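Participant: Below you'll find the structure I mean.
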4 protein chains.
Amino acid sequence: MIVRFQAGAAEEVVQEVRERLERAGLRVMRSLEPSRPILALAGKLERSLAKELAAHEAIERVDSPPVPDVLLVARGMRELHSVVDVGGVRVGGRGVVVIAGPCSVEGREAVLDVARAVRSAGAHILRGGAFKPRTNPYAFQGFGVEGLRQLKDAGEAVGLPVVSEIMDAADVPAFLEHDIDCLQIGARNMQNFSLLKAVARVNRPVLLKRGLAATVEEWLSAAEYLASGGCEQVMLCERGIRTFEKATRNTLDLTILPLLREWTHLPILVDPAHACGIARLIPALSRASIAAGADGVAVEVHLDPSTARSDGPQALLPGEFASLVADTRVLSGVLGRNLHPAPRAAPGRA
Amino acid sequence: MIVRFQAGAAEEVVQEVRERLERAGLRVMRSLEPSRPILALAGKLERSLAKELAAHEAIERVDSPPVPDVLLVARGMRELHSVVDVGGVRVGGRGVVVIAGPCSVEGREAVLDVARAVRSAGAHILRGGAFKPRTNPYAFQGFGVEGLRQLKDAGEAVGLPVVSEIMDAADVPAFLEHDIDCLQIGARNMQNFSLLKAVARVNRPVLLKRGLAATVEEWLSAAEYLASGGCEQVMLCERGIRTFEKATRNTLDLTILPLLREWTHLPILVDPAHACGIARLIPALSRASIAAGADGVAVEVHLDPSTARSDGPQALLPGEFASLVADTRVLSGVLGRNLHPAPRAAPGRA
Amino acid sequence: MIVRFQAGAAEEVVQEVRERLERAGLRVMRSLEPSRPILALAGKLERSLAKELAAHEAIERVDSPPVPDVLLVARGMRELHSVVDVGGVRVGGRGVVVIAGPCSVEGREAVLDVARAVRSAGAHILRGGAFKPRTNPYAFQGFGVEGLRQLKDAGEAVGLPVVSEIMDAADVPAFLEHDIDCLQIGARNMQNFSLLKAVARVNRPVLLKRGLAATVEEWLSAAEYLASGGCEQVMLCERGIRTFEKATRNTLDLTILPLLREWTHLPILVDPAHACGIARLIPALSRASIAAGADGVAVEVHLDPSTARSDGPQALLPGEFASLVADTRVLSGVLGRNLHPAPRAAPGRA
Amino acid sequence: MIVRFQAGAAEEVVQEVRERLERAGLRVMRSLEPSRPILALAGKLERSLAKELAAHEAIERVDSPPVPDVLLVARGMRELHSVVDVGGVRVGGRGVVVIAGPCSVEGREAVLDVARAVRSAGAHILRGGAFKPRTNPYAFQGFGVEGLRQLKDAGEAVGLPVVSEIMDAADVPAFLEHDIDCLQIGARNMQNFSLLKAVARVNRPVLLKRGLAATVEEWLSAAEYLASGGCEQVMLCERGIRTFEKATRNTLDLTILPLLREWTHLPILVDPAHACGIARLIPALSRASIAAGADGVAVEVHLDPSTARSDGPQALLPGEFASLVADTRVLSGVLGRNLHPAPRAAPGRA
């Protein structure tokens with residue numbers, strides 16, 4: 001349940017209610033909302049206590065969240081949608097962001113080349129995989145920690161914050177050491193609860209991809225694992241769900257975008273590339289994502305997709321990517337949003 | 001296979017090739033394309049004959065269509081995407097159309113009221129169900145032929161062509177008698193091959209909805225049933241597929257829109273209402289559909305959704321619909337398309 | 001709602017209650033159950049009237065059916081599971097039946113050869129398609145009425161009742177004229193409501209296949225269309241649902257078999273061949289179907305599957321089919337059921 | 001590719017071929033098969049080298065496995081299906097095993113009570129969750145290491161080996177320390193590649209559940225991660241896939257069982273409880289699983305399901321479980337298999 005106090009409710013009254021609830025065996029959490037107190041209650045609220053809360057004069061209302069026990073990330077926990085700061089780039093709110101980079105970090109020069117290309121085309125955040133979740137055990141598994149270093153160096157060289165996927169709780173220190181601005185939890189690990197708990201503790205921005213067969217309820221529950229574990233900077237990323245249709249790799253689920261807006265205050269991004277698996281389709285799907293209300297898109301760019309060590313068929317060429325950014329800018333404009341200005345370049349470097 | 005002749009190939013050469021192929025046991029069909037001869041071959045083309053065609057000097061090239069035996073509706077059978085004329089409204093090509101009206105025709109006055117509302121908001125085609133496919137045998141099954149009459153009268157009164165669903169081959173004469181401008185084949189009947197054959201014979205515009213679990217291949221094959229049966233005016237309509245996700249009624253599959261553009265020359269519409277089942281989500285999904293490249297959207301409008309005899313929760317109010325049309329106009333503009341002007345009103349009536 | 005009277009409730013009391021309910025605007029239907037009166041109510045039962053019924057001394061209890069408005073085929077409408085008589089073969093009850101024959105009727109001699117083979121191996125009902133629902137419009141569409149004639153003649157020659165798929169309401173007279181013992185509604189037509197209504201009226205045994213993406217609720221609602229339209233002899237046939245898994249053609253859903261037993265009194269058959277699409281897997285899946293509680297299985301047999309005009313890869317050879325019947329016999333035995341004796345041969349014919 | 005040598009091929013010839021292949025850049029792995037040499041090759045085999053192998057006189061044949069790069073667990077790598085020894089219980093081969101126990105270990109006494117009940121009813125392996133993957137972050141997460149201890153103690157007390165789910169690579173030492181006989185990888189972690197690699201290294205028996213939306217190819221690839229990482233004792237466990245059908249929690253996919261038999265030599269178990277989520281349906285689904293060819297079933301038993309801390313609705317009572325074991329015994333018999341004798345009790349303890 002979500003207990004929304006009157007604006008200006010006295011802090012001692014809030015504290016009193018909180019203690020009353022904790023004595024009743026509930027787990028009580030406080031919203032980050034500054035404008036008024038809001039409490040989230042996990043556990044079973046007895047009917048008599050619920051009535052008591054409803055009648056309390058300092059409490060405006062008590063609501064069930066749309067998904068049971070999805071509390072901290074529920075829309076009702078904030079007055080406005082939340083904004084996550086990824087190395088200076090604000091995700092959520094009015095602006096629209098574009099994340100781009102290679103599927104896999106494939107070497108110091110290679111990632112730097114892509115970084116320059118996407119930076120100059122207008123990307124805001126550089127992506128690149130160092131630890132790669134591969135179905136086939138004999139396939140390229142990524143450069144690991146060395147890949148993190150190369151990605152971060154490329155990001156710094158062009159003045160972009162970076163995001164990379166983490167697959168193992170044991171790698172958290174390496175992500176911190178290399179100052180990766182945003183940790184991505186991939187689709188296959190969306191319900192790797194040990195990983196969620198470990199990542200939550202370091203309170204870095206997290207990009208949480210939707211599982212291939214995850215319901216909205218499960219996805220938001222995974223976000224709640226992060227939030228309740230200490231992470232205040234969660235972003236969701238829709239990337240296609242598994243359906244019977246095999247003409248495209250997956251089916252991009254834009255249907256749930258406007259619903260997510262009502263259910264959660266978290267920023268929502270879309271990765272159209274993993275959804276379709278075909279580079280030619282990505283521009284149209286990016287436009288559709290922005291039009292459906294996404295806070296941004298994440299795509300893969302490669303200077304020579306035919307030689308990519310993973311996911312080449314869905315990588316855009318730099319020129320295609322530049323068009324996509326231009327489309328995004330125009331669409332954002334007519335939708336009453338704006339494309340973020342590119343982040344300020346690192347002085348004397350880019 | 002699709003045999004594309006050189007522009008200006010002599011008619012007698014085409015005829016000669018055609019006879020050669022028919023003697024080999026193939027079914028040969030001619031494209032409607034005026035600029036050059038194109039033939040479609042159904043059946044197994046022997047390798048030696050294939051080589052012979054490839055080497056023929058009047059033939060530019062011989063291609064396999066993306067979907068086996070989907071020929072007449074394949075992209076390669078036309079130079080341009082096709083345009084279907086629905087009672088004076090051109091669907092496909094550069095313009096974007098909006099189809100609107102009640103889920104069910106609920107009476108003479110009711111349908112006229114909705115018709116006036118959607119006409120004044122900018123709809124191009126009036127929709128309304130007279131024969132309703134209902135899961136529950138005890139639910140309202142539509143007014144039948146009387147509903148067709150009311151719909152057509154309303155369309156004429158406000159100057160809009162009309163579209164309505166046909167569920168039974170035996171009803172074809174009634175649709176003709178009441179001059180229904182476009183026959184809709186619903187999702188549940190997409191593979192009702194008897195119905196497809198019967199509808200094809202009358203060569204009226206047909207709106208072919210995608211089945212709930214139909215692959216793109218099956219959907220295009222159903223369109224091929226129409227085309228090979230004599231219907232030259234087929235439009236496709238995506239309306240959501242059945243997936244594991246139940247937060248929304250279905251999952252709108254926009255992923256296949258840009259792929260369909262490559263595979264077929266048919267116009268492609270989107271019905272976002274049946275996909276999500278929740279009126280609040282429709283505006284965002286309509287925008288996404290247009291941004292993904294749809295030639296138009298079809299939605300349901302009701303003056304008082306709470307009293308609708310079917311699908312009330314997904315019906316828009318007239319004001320909401322007017323905003324949707326305005327959004328569509330703006331988006332069409334930035335996408336280099338344009339919203340169709342409303343059709344010319346019947347003189348002295350609307 | 002389902003109103004169950006006390007055993008021995010007086011007929012005039014039942015009649016009185018019935019009239020009371022009809023005056024309240026409900027559609028009231030009577031169970032075929034001989035042991036006690038049971039009424040089904042379609043429509044909204046007001047709370048006060050519900051209380052009145054609950055308190056009525058002649059009424060044992062009033063239940064909501066598991067699926068709203070699935071009434072006549074609901075388990076609660078009968079004391080025992082129902083048994084359908086298909087030309088002398090009883091389907092449902094204690095016995096287990098095997099239906100077999102070619103996918104398509106391919107000629108007088110061919111169907112007779114298969115009929116002899118399956119009859120001698122122990123089949124109880126002969127199947128064969130005369131009207132074939134084909135995805136591809138250029139594929140073999142069946143021999144139509146001539147196929148019905150050949151199938152029936154083969155059935156009579158070997159002394160087996162026959163079942164064949166009907167795809168069009170207009171073909172009902174032909175099925176009657178050729179005395180087809182059981183009409184099959186195929187997966188693609190499960191929600192072809194016009195066909196369901198037309199077939200229901202002739203009150204022949206109907207084999208209703210589950211749609212490729214039909215929920216149990218929709219499937220039973222389709223059966224309710226048949227029952228409420230006048231058909232008292234409906235059998236269900238699970239045949240695999242469409243899922244993301246493509247290693248097999250579909251996924252046989254045996255999970256819902258024991259649930260169906262609780263929800264409906266109708267006999268339940270399984271067609272493992274269309275579920276997997278691979279002949280080698282059929283014996284194991286037939287065993288699993290019987291073990292899960294099916295009343296029988298339906299399979300395809302061909303003397304030379306490589307030349308079959310449809311679905312060859314899933315056709316069993318006669319020897320394989322004979323083993324399947326033997327397996328079924330053994331399994332039925334240990335499950336406390338029995339394999340039906342083969343139907344009595346037509347005198348002087350087989 | 002899988003290179004099968006002639007029986008009796010000289011070891012030095014095998015070694016020579018192996019070196020030849022490794023020089024060509026392939027990863028070469030040796031089968032555990034004692035009767036003849038078999039090599040698995042990961043990577044791209046050049047055509048000329050393939051021809052050379054095919055012509056080699058010591059080589060019987062070279063095959064592509066059914067799933068690319070699924071090698072060590074492919075059927076062709078062994079002459080017979082493999083048998084995994086779980087604390088003295090042989091899984092695979094002719095016998096059928098029953099795994100049972102509580103969903104969660106809920107305390108020392110509780111797990112011991114269930115252990116006694118399932119032991120006396122005929123279970124062969126005791127299951128129980130200490131680390132619980134819960135969708136809801138506020139739900140009971142298991143007793144962790146203490147749960148492992150309680151489970152193992154209960155297993156020893158009644159003389160049954162134990163299996164428990166591992167969710168985090170960091171917990172491997174705890175599983176070893178408490179001598180858990182078999183490590184379960186749950187559905188949500190099937191593609192947690194870090195966990196697969198960590199578990200593989202300790203070479204204990206592993207029960208690998210199928211992911212909710214995992215294809216057979218992905219599932220076998222996950223098994224290949226285990227095998228190529230050093231684990232020679234992998235068992236597969238089908239537990240239901242996620243489909244559109246919501247009348248049951250998931251859909252048990254028995255369709256792929258006979259196909260898996262052709263594709264892999266690994267033992268295959270079925271967990272019908274997580275597939276359906278309804279205790280009443282489990283007996284029928286267990287029977288179906290055995291009839292479809294499973295090497296055993298895994299179910300949950302609780303003395304008072306209504307008080308279970310997780311998954312109560314799918315837990316069997318001890319009496320129901322005893323009937324299930326009896327059914328399994330009878331079915332195994334007629335299928336030419338046998339139910340394993342219960343493992344020898346620890347002397348003086350059970």
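Chain identifiers are assigned as A, B, and so on, following the order in which chains appear in the structure tokens; residues are numbered from 1 within each chain, and ligands are numbered from 1 in order of appearance.
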Which polymer residues have any atom within 10 Å of an atom of segment 241-245 of chain C, counting only C-alpha atoms, with same-chain residues fewer than 3 positions away left out, as a PyMOL selection string?

Facilitator: (chain A and resi 242-246+250) or (chain B and resi 213-214+242-244) or (chain C and resi 187+210-215+238+248-253+274-275) or (chain D and resi 213-217+241-245+251+253+256)

Participant: Quick one: residues within 7 Å of Thr264 of chain B, only C-alpha atoms, excluding same-chain residues fewer than 2 positions away - as number ranges by chain?

Facilitator: B: 73-75, 260-262, 266

Participant: Take the residues just selected and output them with N, CA and C atoms as a PDB file, in the first residue's frame.

Facilitator:
ATOM      1  N   VAL B  73       0.442 -10.395 -54.062  1.00  0.00           N
ATOM      2  CA  VAL B  73       0.528  -9.291 -53.104  1.00  0.00           C
ATOM      3  C   VAL B  73       1.979  -9.001 -52.725  1.00  0.00           C
ATOM      4  N   ALA B  74       2.929  -9.719 -53.335  1.00  0.00           N
ATOM      5  CA  ALA B  74       4.341  -9.491 -53.014  1.00  0.00           C
ATOM      6  C   ALA B  74       4.798  -8.137 -53.562  1.00  0.00           C
ATOM      7  N   ARG B  75       5.724  -7.526 -52.837  1.00  0.00           N
ATOM      8  CA  ARG B  75       6.257  -6.220 -53.230  1.00  0.00           C
ATOM      9  C   ARG B  75       6.723  -6.212 -54.685  1.00  0.00           C
ATOM     10  N   LEU B 260       6.837  -5.616 -43.405  1.00  0.00           N
ATOM     11  CA  LEU B 260       5.733  -5.772 -44.352  1.00  0.00           C
ATOM     12  C   LEU B 260       5.913  -4.857 -45.552  1.00  0.00           C
ATOM     13  N   ARG B 261       6.406  -3.659 -45.304  1.00  0.00           N
ATOM     14  CA  ARG B 261       6.654  -2.709 -46.405  1.00  0.00           C
ATOM     15  C   ARG B 261       7.579  -3.296 -47.463  1.00  0.00           C
ATOM     16  N   GLU B 262       8.525  -4.137 -47.008  1.00  0.00           N
ATOM     17  CA  GLU B 262       9.463  -4.744 -47.952  1.00  0.00           C
ATOM     18  C   GLU B 262       8.866  -5.969 -48.629  1.00  0.00           C
ATOM     19  N   LEU B 266       0.825  -3.944 -50.482  1.00  0.00           N
ATOM     20  CA  LEU B 266      -0.512  -3.594 -49.980  1.00  0.00           C
ATOM     21  C   LEU B 266      -0.450  -2.472 -48.945  1.00  0.00           C
TER      22      LEU B 266
END

Participant: May I have the residues within 7 Å of segment 60-67 of chain D as a list in words, using only C-alpha atoms and disregarding those fewer than 6 positions away in the same chain?

Facilitator: Met1, Ile2, Val3, Arg4, Phe5, Gln6, Ala54, Ala74, Glu217 and Trp263 of chain D

Participant: May I have the residues from that selection written out with C-alpha atoms, as a CSV table (one decimal), in the first residue's frame?

Facilitator:
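Below is the file part.csv, written as the result:
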chain,number,residue,atom,x,y,z
D,1,MET,CA,30.7,-31.4,-35.7
D,2,ILE,CA,30.9,-34.8,-34.1
D,3,VAL,CA,33.6,-37.2,-35.4
D,4,ARG,CA,32.9,-40.8,-34.7
D,5,PHE,CA,35.8,-43.2,-35.0
D,6,GLN,CA,35.6,-46.9,-35.8
D,54,ALA,CA,35.1,-38.1,-44.1
D,74,ALA,CA,24.4,-34.3,-28.2
D,217,GLU,CA,18.2,-25.1,-28.6
D,263,TRP,CA,19.0,-34.8,-29.7

Participant: Which residue is closest to Pro272 of chain D? Choose from D:Gly240, D:Gly333, D:Gly229, D:Gly296 and count only C-alpha atoms.

Facilitator: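 With only C-alpha atoms as the atom set, the closest residue is D:Gly240.
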
Participant: Tell me which protein, DNA and RNA residues are within 8 Å of segment 318-324 of chain B, counting only C-alpha atoms, leaving out same-chain ones fewer than 4 positions away, and put them as an NGL selection string.

Facilitator: :B and (114 or 117-118 or 121-122 or 283 or 286 or 301-303 or 328)

Participant: Please report, as JSON lines, each residue of chain A lying at most 8 Å from chain D, together with the nearest pair of atoms and the separation in Å rounded to one decimal; use only C-alpha atoms, and order rows by chain and ascending residue number.

Facilitator:
{"residue": "A:Ala42", "atom": "CA", "partner": "D:Tyr138", "partner_atom": "CA", "distance": 6.6}
{"residue": "A:Gly43", "atom": "CA", "partner": "D:Tyr138", "partner_atom": "CA", "distance": 7.4}
{"residue": "A:Asp69", "atom": "CA", "partner": "D:Asn136", "partner_atom": "CA", "distance": 6.8}
{"residue": "A:Val70", "atom": "CA", "partner": "D:Asn136", "partner_atom": "CA", "distance": 7.9}
{"residue": "A:Pro133", "atom": "CA", "partner": "D:Phe193", "partner_atom": "CA", "distance": 6.7}
{"residue": "A:Arg134", "atom": "CA", "partner": "D:Phe193", "partner_atom": "CA", "distance": 8.0}
{"residue": "A:Thr135", "atom": "CA", "partner": "D:Ser221", "partner_atom": "CA", "distance": 6.3}
{"residue": "A:Asn136", "atom": "CA", "partner": "D:Ser221", "partner_atom": "CA", "distance": 5.9}
{"residue": "A:Pro137", "atom": "CA", "partner": "D:Tyr225", "partner_atom": "CA", "distance": 5.3}
{"residue": "A:Tyr138", "atom": "CA", "partner": "D:Ala42", "partner_atom": "CA", "distance": 6.6}
{"residue": "A:Met167", "atom": "CA", "partner": "D:Ser194", "partner_atom": "CA", "distance": 6.8}
{"residue": "A:Asp168", "atom": "CA", "partner": "D:Ser194", "partner_atom": "CA", "distance": 6.1}
{"residue": "A:Arg188", "atom": "CA", "partner": "D:Gln191", "partner_atom": "CA", "distance": 6.0}
{"residue": "A:Asn189", "atom": "CA", "partner": "D:Asn192", "partner_atom": "CA", "distance": 6.3}
{"residue": "A:Gln191", "atom": "CA", "partner": "D:Arg188", "partner_atom": "CA", "distance": 6.0}
{"residue": "A:Asn192", "atom": "CA", "partner": "D:Asn189", "partner_atom": "CA", "distance": 6.3}
{"residue": "A:Phe193", "atom": "CA", "partner": "D:Pro133", "partner_atom": "CA", "distance": 6.7}
{"residue": "A:Ser194", "atom": "CA", "partner": "D:Asp168", "partner_atom": "CA", "distance": 6.1}
{"residue": "A:Leu212", "atom": "CA", "partner": "D:Ala213", "partner_atom": "CA", "distance": 7.2}
{"residue": "A:Ala213", "atom": "CA", "partner": "D:Ala213", "partner_atom": "CA", "distance": 5.9}
{"residue": "A:Glu218", "atom": "CA", "partner": "D:Thr135", "partner_atom": "CA", "distance": 6.3}
{"residue": "A:Ser221", "atom": "CA", "partner": "D:Asn136", "partner_atom": "CA", "distance": 5.9}
{"residue": "A:Ala222", "atom": "CA", "partner": "D:Thr135", "partner_atom": "CA", "distance": 7.1}
{"residue": "A:Glu224", "atom": "CA", "partner": "D:Pro137", "partner_atom": "CA", "distance": 6.9}
{"residue": "A:Tyr225", "atom": "CA", "partner": "D:Pro137", "partner_atom": "CA", "distance": 5.3}
{"residue": "A:Ser228", "atom": "CA", "partner": "D:Pro137", "partner_atom": "CA", "distance": 7.7}
{"residue": "A:Arg242", "atom": "CA", "partner": "D:Ala213", "partner_atom": "CA", "distance": 7.4}

Participant: Kindly export the residues of the current selection with C-alpha atoms, as a tab-separated table (two decimals), in the first residue's frame.

Facilitator:
chain	number	residue	atom	x	y	z
A	42	ALA	CA	5.18	-4.06	2.25
A	43	GLY	CA	3.27	-6.92	3.79
A	69	ASP	CA	4.20	-5.09	-3.58
A	70	VAL	CA	5.63	-2.94	-6.36
A	133	PRO	CA	25.81	-13.22	-22.49
A	134	ARG	CA	26.07	-15.70	-25.35
A	135	THR	CA	23.76	-18.63	-25.91
A	136	ASN	CA	26.61	-20.64	-27.41
A	137	PRO	CA	29.38	-21.49	-24.92
A	138	TYR	CA	31.97	-21.53	-27.70
A	167	MET	CA	26.44	-10.43	-15.54
A	168	ASP	CA	27.95	-11.43	-12.22
A	188	ARG	CA	18.53	-12.95	-19.34
A	189	ASN	CA	19.44	-11.71	-15.86
A	191	GLN	CA	15.31	-12.22	-12.53
A	192	ASN	CA	18.84	-13.00	-11.34
A	193	PHE	CA	17.91	-11.84	-7.89
A	194	SER	CA	21.41	-12.24	-6.45
A	212	LEU	CA	12.36	-12.09	-22.91
A	213	ALA	CA	9.23	-13.47	-21.35
A	218	GLU	CA	7.70	-9.22	-13.05
A	221	SER	CA	9.14	-6.34	-9.34
A	222	ALA	CA	12.73	-6.67	-10.53
A	224	GLU	CA	11.57	-2.98	-6.94
A	225	TYR	CA	14.38	-5.39	-5.95
A	228	SER	CA	14.35	-1.70	-2.09
A	242	ARG	CA	9.40	-13.61	-27.24
